[in-house]
file query_8.pdb (PDB, N, CA and C atoms)
ATOM      1  N   MET S  27      22.544 -21.049 -16.250
ATOM      2  CA  MET S  27      21.237 -20.467 -15.980
ATOM      3  C   MET S  27      21.163 -19.106 -16.658
ATOM      4  N   ALA S  28      20.066 -18.823 -17.301
ATOM      5  CA  ALA S  28      19.886 -17.552 -17.991
ATOM      6  C   ALA S  28      19.775 -16.411 -16.986
ATOM      7  N   SER S  29      20.165 -15.225 -17.419
ATOM      8  CA  SER S  29      20.080 -14.080 -16.512
ATOM      9  C   SER S  29      18.616 -13.776 -16.195
ATOM     10  N   GLY S  30      18.381 -13.356 -14.970
ATOM     11  CA  GLY S  30      17.018 -13.064 -14.549
ATOM     12  C   GLY S  30      16.305 -14.245 -13.912
ATOM     13  N   GLU S  31      16.881 -15.429 -14.007
ATOM     14  CA  GLU S  31      16.274 -16.606 -13.389
ATOM     15  C   GLU S  31      16.859 -16.809 -12.005
ATOM     16  N   ARG S  32      16.062 -17.373 -11.123
ATOM     17  CA  ARG S  32      16.513 -17.680  -9.763
ATOM     18  C   ARG S  32      16.468 -19.177  -9.553
ATOM     19  N   ASP S  33      17.512 -19.677  -8.928
ATOM     20  CA  ASP S  33      17.541 -21.079  -8.547
ATOM     21  C   ASP S  33      17.039 -21.159  -7.112
ATOM     22  N   LEU S  34      15.791 -21.567  -6.949
ATOM     23  CA  LEU S  34      15.176 -21.593  -5.622
ATOM     24  C   LEU S  34      15.649 -22.770  -4.775
ATOM     25  N   THR S  35      16.476 -23.634  -5.337
ATOM     26  CA  THR S  35      16.971 -24.787  -4.586
ATOM     27  C   THR S  35      18.313 -24.502  -3.925
ATOM     28  N   ARG S  36      18.883 -23.332  -4.113
ATOM     29  CA  ARG S  36      20.191 -22.997  -3.540
ATOM     30  C   ARG S  36      20.069 -21.771  -2.650
ATOM     31  N   GLY S  37      20.863 -21.762  -1.598
ATOM     32  CA  GLY S  37      20.898 -20.615  -0.700
ATOM     33  C   GLY S  37      19.870 -20.736   0.419
ATOM     34  N   SER S  38      19.737 -19.653   1.144
ATOM     35  CA  SER S  38      18.833 -19.593   2.287
ATOM     36  C   SER S  38      17.375 -19.683   1.828
ATOM     37  N   VAL S  39      16.642 -20.579   2.469
ATOM     38  CA  VAL S  39      15.228 -20.751   2.112
ATOM     39  C   VAL S  39      14.453 -19.478   2.417
ATOM     40  N   TRP S  40      14.694 -18.885   3.582
ATOM     41  CA  TRP S  40      13.940 -17.688   3.983
ATOM     42  C   TRP S  40      14.215 -16.525   3.040
ATOM     43  N   ARG S  41      15.457 -16.391   2.601
ATOM     44  CA  ARG S  41      15.782 -15.316   1.671
ATOM     45  C   ARG S  41      15.052 -15.524   0.341
ATOM     46  N   GLN S  42      14.987 -16.750  -0.119
ATOM     47  CA  GLN S  42      14.292 -17.051  -1.369
ATOM     48  C   GLN S  42      12.785 -16.786  -1.241
ATOM     49  N   VAL S  43      12.221 -17.192  -0.114
ATOM     50  CA  VAL S  43      10.787 -16.978   0.114
ATOM     51  C   VAL S  43      10.471 -15.489   0.195
ATOM     52  N   LEU S  44      11.296 -14.732   0.908
ATOM     53  CA  LEU S  44      11.070 -13.292   1.019
ATOM     54  C   LEU S  44      11.200 -12.600  -0.339
ATOM     55  N   ALA S  45      12.198 -12.985  -1.104
ATOM     56  CA  ALA S  45      12.376 -12.386  -2.425
ATOM     57  C   ALA S  45      11.194 -12.718  -3.332
ATOM     58  N   TYR S  46      10.669 -13.899  -3.187
ATOM     59  CA  TYR S  46       9.531 -14.326  -4.006
ATOM     60  C   TYR S  46       8.241 -13.629  -3.583
ATOM     61  N   ALA S  47       8.089 -13.362  -2.267
ATOM     62  CA  ALA S  47       6.846 -12.822  -1.722
ATOM     63  C   ALA S  47       6.788 -11.292  -1.715
ATOM     64  N   MET S  48       7.910 -10.620  -1.828
ATOM     65  CA  MET S  48       7.923  -9.165  -1.691
ATOM     66  C   MET S  48       7.041  -8.434  -2.711
ATOM     67  N   PRO S  49       7.007  -8.818  -3.978
ATOM     68  CA  PRO S  49       6.094  -8.116  -4.895
ATOM     69  C   PRO S  49       4.628  -8.243  -4.488
ATOM     70  N   LEU S  50       4.229  -9.403  -3.980
ATOM     71  CA  LEU S  50       2.847  -9.593  -3.527
ATOM     72  C   LEU S  50       2.556  -8.725  -2.308
ATOM     73  N   VAL S  51       3.480  -8.680  -1.370
ATOM     74  CA  VAL S  51       3.303  -7.860  -0.171
ATOM     75  C   VAL S  51       3.223  -6.382  -0.547
ATOM     76  N   ALA S  52       4.105  -5.946  -1.435
ATOM     77  CA  ALA S  52       4.111  -4.542  -1.854
ATOM     78  C   ALA S  52       2.808  -4.171  -2.560
ATOM     79  N   SER S  53       2.317  -5.035  -3.429
ATOM     80  CA  SER S  53       1.072  -4.718  -4.132
ATOM     81  C   SER S  53      -0.118  -4.709  -3.172
ATOM     82  N   SER S  54      -0.106  -5.580  -2.182
ATOM     83  CA  SER S  54      -1.184  -5.583  -1.191
ATOM     84  C   SER S  54      -1.180  -4.304  -0.366
ATOM     85  N   LEU S  55       0.012  -3.839   0.011
ATOM     86  CA  LEU S  55       0.098  -2.591   0.771
ATOM     87  C   LEU S  55      -0.359  -1.396  -0.058
ATOM     88  N   LEU S  56       0.017  -1.374  -1.329
ATOM     89  CA  LEU S  56      -0.434  -0.279  -2.197
ATOM     90  C   LEU S  56      -1.945  -0.305  -2.392
ATOM     91  N   GLN S  57      -2.513  -1.489  -2.514
ATOM     92  CA  GLN S  57      -3.965  -1.592  -2.675
ATOM     93  C   GLN S  57      -4.681  -1.138  -1.398
ATOM     94  N   ALA S  58      -4.140  -1.485  -0.237
ATOM     95  CA  ALA S  58      -4.732  -1.050   1.029
ATOM     96  C   ALA S  58      -4.653   0.470   1.170
ATOM     97  N   LEU S  59      -3.525   1.050   0.787
ATOM     98  CA  LEU S  59      -3.371   2.502   0.843
ATOM     99  C   LEU S  59      -4.364   3.189  -0.088
ATOM    100  N   TYR S  60      -4.509   2.643  -1.295
ATOM    101  CA  TYR S  60      -5.472   3.189  -2.253
ATOM    102  C   TYR S  60      -6.889   3.144  -1.676
ATOM    103  N   SER S  61      -7.241   2.037  -1.044
ATOM    104  CA  SER S  61      -8.583   1.897  -0.473
ATOM    105  C   SER S  61      -8.816   2.904   0.649
ATOM    106  N   MET S  62      -7.804   3.115   1.479
ATOM    107  CA  MET S  62      -7.954   4.080   2.570
ATOM    108  C   MET S  62      -8.133   5.500   2.038
ATOM    109  N   VAL S  63      -7.328   5.879   1.064
ATOM    110  CA  VAL S  63      -7.442   7.216   0.486
ATOM    111  C   VAL S  63      -8.788   7.377  -0.213
ATOM    112  N   ASP S  64      -9.219   6.350  -0.923
ATOM    113  CA  ASP S  64     -10.512   6.391  -1.605
ATOM    114  C   ASP S  64     -11.646   6.585  -0.603
ATOM    115  N   THR S  65     -11.569   5.901   0.517
ATOM    116  CA  THR S  65     -12.597   6.014   1.551
ATOM    117  C   THR S  65     -12.624   7.415   2.156
ATOM    118  N   VAL S  66     -11.455   7.976   2.411
ATOM    119  CA  VAL S  66     -11.391   9.325   2.986
ATOM    120  C   VAL S  66     -11.969  10.350   2.011
ATOM    121  N   ILE S  67     -11.592  10.243   0.759
ATOM    122  CA  ILE S  67     -12.089  11.205  -0.238
ATOM    123  C   ILE S  67     -13.593  11.052  -0.436
ATOM    124  N   ALA S  68     -14.068   9.815  -0.527
ATOM    125  CA  ALA S  68     -15.509   9.598  -0.694
ATOM    126  C   ALA S  68     -16.276  10.097   0.519
ATOM    127  N   GLY S  69     -15.745   9.864   1.699
ATOM    128  CA  GLY S  69     -16.421  10.342   2.905
ATOM    129  C   GLY S  69     -16.464  11.848   2.986
ATOM    130  N   HIS S  70     -15.414  12.474   2.517
ATOM    131  CA  HIS S  70     -15.357  13.940   2.577
ATOM    132  C   HIS S  70     -16.293  14.586   1.562
ATOM    133  N   PHE S  71     -16.350  14.027   0.358
ATOM    134  CA  PHE S  71     -17.120  14.669  -0.714
ATOM    135  C   PHE S  71     -18.498  14.074  -0.951
ATOM    136  N   ALA S  72     -18.686  12.772  -0.696
ATOM    137  CA  ALA S  72     -19.945  12.133  -1.078
ATOM    138  C   ALA S  72     -20.767  11.611   0.103
ATOM    139  N   GLY S  73     -20.177  11.456   1.262
ATOM    140  CA  GLY S  73     -20.936  11.046   2.431
ATOM    141  C   GLY S  73     -20.910   9.552   2.706
ATOM    142  N   SER S  74     -21.730   9.171   3.674
ATOM    143  CA  SER S  74     -21.700   7.785   4.167
ATOM    144  C   SER S  74     -22.237   6.773   3.157
ATOM    145  N   ALA S  75     -23.156   7.176   2.298
ATOM    146  CA  ALA S  75     -23.673   6.251   1.281
ATOM    147  C   ALA S  75     -22.571   5.840   0.311
ATOM    148  N   ALA S  76     -21.687   6.766  -0.022
ATOM    149  CA  ALA S  76     -20.578   6.450  -0.922
ATOM    150  C   ALA S  76     -19.591   5.497  -0.251
ATOM    151  N   ILE S  77     -19.334   5.694   1.023
ATOM    152  CA  ILE S  77     -18.430   4.789   1.749
ATOM    153  C   ILE S  77     -19.022   3.392   1.785
ATOM    154  N   SER S  78     -20.299   3.298   2.022
ATOM    155  CA  SER S  78     -20.962   1.990   2.024
ATOM    156  C   SER S  78     -20.859   1.323   0.659
ATOM    157  N   ALA S  79     -21.051   2.079  -0.399
ATOM    158  CA  ALA S  79     -20.952   1.524  -1.755
ATOM    159  C   ALA S  79     -19.539   1.052  -2.048
ATOM    160  N   ILE S  80     -18.539   1.814  -1.623
ATOM    161  CA  ILE S  80     -17.142   1.417  -1.839
ATOM    162  C   ILE S  80     -16.838   0.135  -1.086
ATOM    163  N   ASN S  81     -17.280   0.040   0.167
ATOM    164  CA  ASN S  81     -17.022  -1.170   0.948
ATOM    165  C   ASN S  81     -17.698  -2.396   0.338
ATOM    166  N   ASN S  82     -18.919  -2.219  -0.152
ATOM    167  CA  ASN S  82     -19.599  -3.342  -0.807
ATOM    168  C   ASN S  82     -18.870  -3.770  -2.069
ATOM    169  N   LEU S  83     -18.422  -2.807  -2.852
ATOM    170  CA  LEU S  83     -17.682  -3.121  -4.067
ATOM    171  C   LEU S  83     -16.364  -3.809  -3.741
ATOM    172  N   LEU S  84     -15.668  -3.361  -2.699
ATOM    173  CA  LEU S  84     -14.392  -3.966  -2.326
ATOM    174  C   LEU S  84     -14.570  -5.424  -1.892
ATOM    175  N   MET S  85     -15.681  -5.721  -1.222
ATOM    176  CA  MET S  85     -15.931  -7.106  -0.823
ATOM    177  C   MET S  85     -16.162  -7.987  -2.053
ATOM    178  N   CYS S  86     -16.915  -7.481  -3.013
ATOM    179  CA  CYS S  86     -17.145  -8.237  -4.254
ATOM    180  C   CYS S  86     -15.845  -8.393  -5.026
ATOM    181  N   ASP S  87     -15.063  -7.330  -5.091
ATOM    182  CA  ASP S  87     -13.783  -7.361  -5.793
ATOM    183  C   ASP S  87     -12.832  -8.352  -5.138
ATOM    184  N   LYS S  88     -12.829  -8.389  -3.824
ATOM    185  CA  LYS S  88     -11.959  -9.300  -3.082
ATOM    186  C   LYS S  88     -12.333 -10.763  -3.386
ATOM    187  N   GLU S  89     -13.615 -11.044  -3.453
ATOM    188  CA  GLU S  89     -14.057 -12.409  -3.766
ATOM    189  C   GLU S  89     -13.625 -12.821  -5.171
ATOM    190  N   VAL S  90     -13.697 -11.907  -6.121
ATOM    191  CA  VAL S  90     -13.301 -12.227  -7.498
ATOM    192  C   VAL S  90     -11.787 -12.443  -7.579
ATOM    193  N   ILE S  91     -11.025 -11.613  -6.906
ATOM    194  CA  ILE S  91      -9.566 -11.716  -6.947
ATOM    195  C   ILE S  91      -9.082 -12.987  -6.271
ATOM    196  N   GLU S  92      -9.699 -13.380  -5.178
ATOM    197  CA  GLU S  92      -9.235 -14.542  -4.427
ATOM    198  C   GLU S  92      -9.588 -15.864  -5.095
ATOM    199  N   VAL S  93     -10.498 -15.838  -6.049
ATOM    200  CA  VAL S  93     -10.873 -17.092  -6.736
ATOM    201  C   VAL S  93      -9.878 -17.396  -7.759
TER     202      VAL S  93
END

call {"tool": "encode", "arguments": {"input": "query_8.pdb", "output": "structure tokens"}}
result
Amino acid sequence: MASGERDLTRGSVWRQVLAYAMPLVASSLLQALYSMVDTVIAGHFAGSAAISAINNLLMCDKEVIEV
């Protein structure tokens, strides 16, 4: 087997699943953190209309990403 490849048929199933899923979990947490910080900054500097616009954009963005 070439270096960098994983044999998902050997070893603990849970360990393989966790190793496979960790990049997705980490990116989701970073995206959530970014959204929270963006909301706080927009609320502080631009007001409630900006927060509403960000939330609407995030819903549209979420639909595009999930497809």

call {"tool": "residues_around", "arguments": {"input": "query_8.pdb", "residues": "segment 53-68 of chain S", "least_positions_apart": "6", "cutoff": "8 Å", "atoms": "only N, CA and C atoms", "output": "list in words"}}
result
Ala47, Ser74, Ala75, Ala76, Ile77, Ile80 and Asn81 of chain S

call {"tool": "atom_distance", "arguments": {"input": "query_8.pdb", "atom1": "atom N of Val39 of chain S", "atom2": "atom C of Ile91 of chain S"}}
result
28.2 Å

call {"tool": "axis_aligned_box", "arguments": {"input": "query_8.pdb", "around": "segment 84-91 of chain S", "padding_each_side": "4 Å", "output": "JSON"}}
result
{"center_x": -13.1, "center_y": -8.2, "center_z": -4.2, "size_x": 16.1, "size_y": 17.6, "size_z": 14.8}

call {"tool": "select_by_dssp", "arguments": {"input": "query_8.pdb", "residues": "chain S", "states": "alpha helix (DSSP H)", "output": "count of residues only"}}
result
52

call {"tool": "atom_distance", "arguments": {"input": "query_8.pdb", "atom1": "atom CA of Gly69 of chain S", "atom2": "atom CA of Asn82 of chain S"}}
result
14.5 Å

call {"tool": "atom_distance", "arguments": {"input": "query_8.pdb", "atom1": "atom CA of Arg32 of chain S", "atom2": "atom N of Leu44 of chain S"}}
result
12.2 Å

call {"tool": "build_atoms", "arguments": {"input": "query_8.pdb", "residues": "segment 47-58 of chain S", "atoms": "all heavy atoms", "output": "mmCIF file, in the coordinates of the input"}}
result
data_model
loop_
_atom_site.group_PDB
_atom_site.id
_atom_site.type_symbol
_atom_site.label_atom_id
_atom_site.label_comp_id
_atom_site.auth_asym_id
_atom_site.auth_seq_id
_atom_site.Cartn_x
_atom_site.Cartn_y
_atom_site.Cartn_z
ATOM 1 N N ALA S 47 8.089 -13.362 -2.267
ATOM 2 C CA ALA S 47 6.846 -12.822 -1.722
ATOM 3 C C ALA S 47 6.788 -11.292 -1.715
ATOM 4 O O ALA S 47 5.694 -10.725 -1.614
ATOM 5 C CB ALA S 47 6.627 -13.340 -0.310
ATOM 6 N N MET S 48 7.910 -10.620 -1.828
ATOM 7 C CA MET S 48 7.923 -9.165 -1.691
ATOM 8 C C MET S 48 7.041 -8.434 -2.711
ATOM 9 O O MET S 48 6.349 -7.484 -2.338
ATOM 10 C CB MET S 48 9.361 -8.626 -1.735
ATOM 11 C CG MET S 48 10.137 -8.894 -0.458
ATOM 12 S SD MET S 48 9.269 -8.416 1.039
ATOM 13 C CE MET S 48 9.282 -6.650 0.877
ATOM 14 N N PRO S 49 7.007 -8.818 -3.978
ATOM 15 C CA PRO S 49 6.094 -8.116 -4.895
ATOM 16 C C PRO S 49 4.628 -8.243 -4.488
ATOM 17 O O PRO S 49 3.862 -7.283 -4.600
ATOM 18 C CB PRO S 49 6.350 -8.801 -6.242
ATOM 19 C CG PRO S 49 7.716 -9.352 -6.135
ATOM 20 C CD PRO S 49 7.871 -9.752 -4.701
ATOM 21 N N LEU S 50 4.229 -9.403 -3.980
ATOM 22 C CA LEU S 50 2.847 -9.593 -3.527
ATOM 23 C C LEU S 50 2.556 -8.725 -2.308
ATOM 24 O O LEU S 50 1.499 -8.086 -2.226
ATOM 25 C CB LEU S 50 2.595 -11.064 -3.207
ATOM 26 C CG LEU S 50 1.217 -11.408 -2.677
ATOM 27 C CD1 LEU S 50 0.158 -11.106 -3.728
ATOM 28 C CD2 LEU S 50 1.152 -12.851 -2.261
ATOM 29 N N VAL S 51 3.480 -8.680 -1.370
ATOM 30 C CA VAL S 51 3.303 -7.860 -0.171
ATOM 31 C C VAL S 51 3.223 -6.382 -0.547
ATOM 32 O O VAL S 51 2.353 -5.650 -0.064
ATOM 33 C CB VAL S 51 4.448 -8.118 0.830
ATOM 34 C CG1 VAL S 51 4.419 -7.120 1.969
ATOM 35 C CG2 VAL S 51 4.389 -9.540 1.356
ATOM 36 N N ALA S 52 4.105 -5.946 -1.435
ATOM 37 C CA ALA S 52 4.111 -4.542 -1.854
ATOM 38 C C ALA S 52 2.808 -4.171 -2.560
ATOM 39 O O ALA S 52 2.233 -3.103 -2.299
ATOM 40 C CB ALA S 52 5.307 -4.273 -2.761
ATOM 41 N N SER S 53 2.317 -5.035 -3.429
ATOM 42 C CA SER S 53 1.072 -4.718 -4.132
ATOM 43 C C SER S 53 -0.118 -4.709 -3.172
ATOM 44 O O SER S 53 -1.030 -3.897 -3.318
ATOM 45 C CB SER S 53 0.829 -5.688 -5.284
ATOM 46 O OG SER S 53 0.587 -6.987 -4.809
ATOM 47 N N SER S 54 -0.106 -5.580 -2.182
ATOM 48 C CA SER S 54 -1.184 -5.583 -1.191
ATOM 49 C C SER S 54 -1.180 -4.304 -0.366
ATOM 50 O O SER S 54 -2.239 -3.737 -0.068
ATOM 51 C CB SER S 54 -1.051 -6.796 -0.276
ATOM 52 O OG SER S 54 -1.274 -7.975 -0.986
ATOM 53 N N LEU S 55 0.012 -3.839 0.011
ATOM 54 C CA LEU S 55 0.098 -2.591 0.771
ATOM 55 C C LEU S 55 -0.359 -1.396 -0.058
ATOM 56 O O LEU S 55 -1.064 -0.516 0.445
ATOM 57 C CB LEU S 55 1.532 -2.380 1.264
ATOM 58 C CG LEU S 55 1.995 -3.320 2.367
ATOM 59 C CD1 LEU S 55 3.474 -3.106 2.661
ATOM 60 C CD2 LEU S 55 1.176 -3.127 3.625
ATOM 61 N N LEU S 56 0.017 -1.374 -1.329
ATOM 62 C CA LEU S 56 -0.434 -0.279 -2.197
ATOM 63 C C LEU S 56 -1.945 -0.305 -2.392
ATOM 64 O O LEU S 56 -2.595 0.748 -2.412
ATOM 65 C CB LEU S 56 0.280 -0.348 -3.545
ATOM 66 C CG LEU S 56 1.740 0.067 -3.527
ATOM 67 C CD1 LEU S 56 2.381 -0.195 -4.883
ATOM 68 C CD2 LEU S 56 1.883 1.526 -3.139
ATOM 69 N N GLN S 57 -2.513 -1.489 -2.514
ATOM 70 C CA GLN S 57 -3.965 -1.592 -2.675
ATOM 71 C C GLN S 57 -4.681 -1.138 -1.398
ATOM 72 O O GLN S 57 -5.710 -0.459 -1.460
ATOM 73 C CB GLN S 57 -4.360 -3.023 -3.012
ATOM 74 C CG GLN S 57 -5.823 -3.171 -3.326
ATOM 75 C CD GLN S 57 -6.202 -4.567 -3.785
ATOM 76 O OE1 GLN S 57 -5.399 -5.493 -3.705
ATOM 77 N NE2 GLN S 57 -7.416 -4.718 -4.252
ATOM 78 N N ALA S 58 -4.140 -1.485 -0.237
ATOM 79 C CA ALA S 58 -4.732 -1.050 1.029
ATOM 80 C C ALA S 58 -4.653 0.470 1.170
ATOM 81 O O ALA S 58 -5.615 1.118 1.604
ATOM 82 C CB ALA S 58 -4.036 -1.731 2.204
#
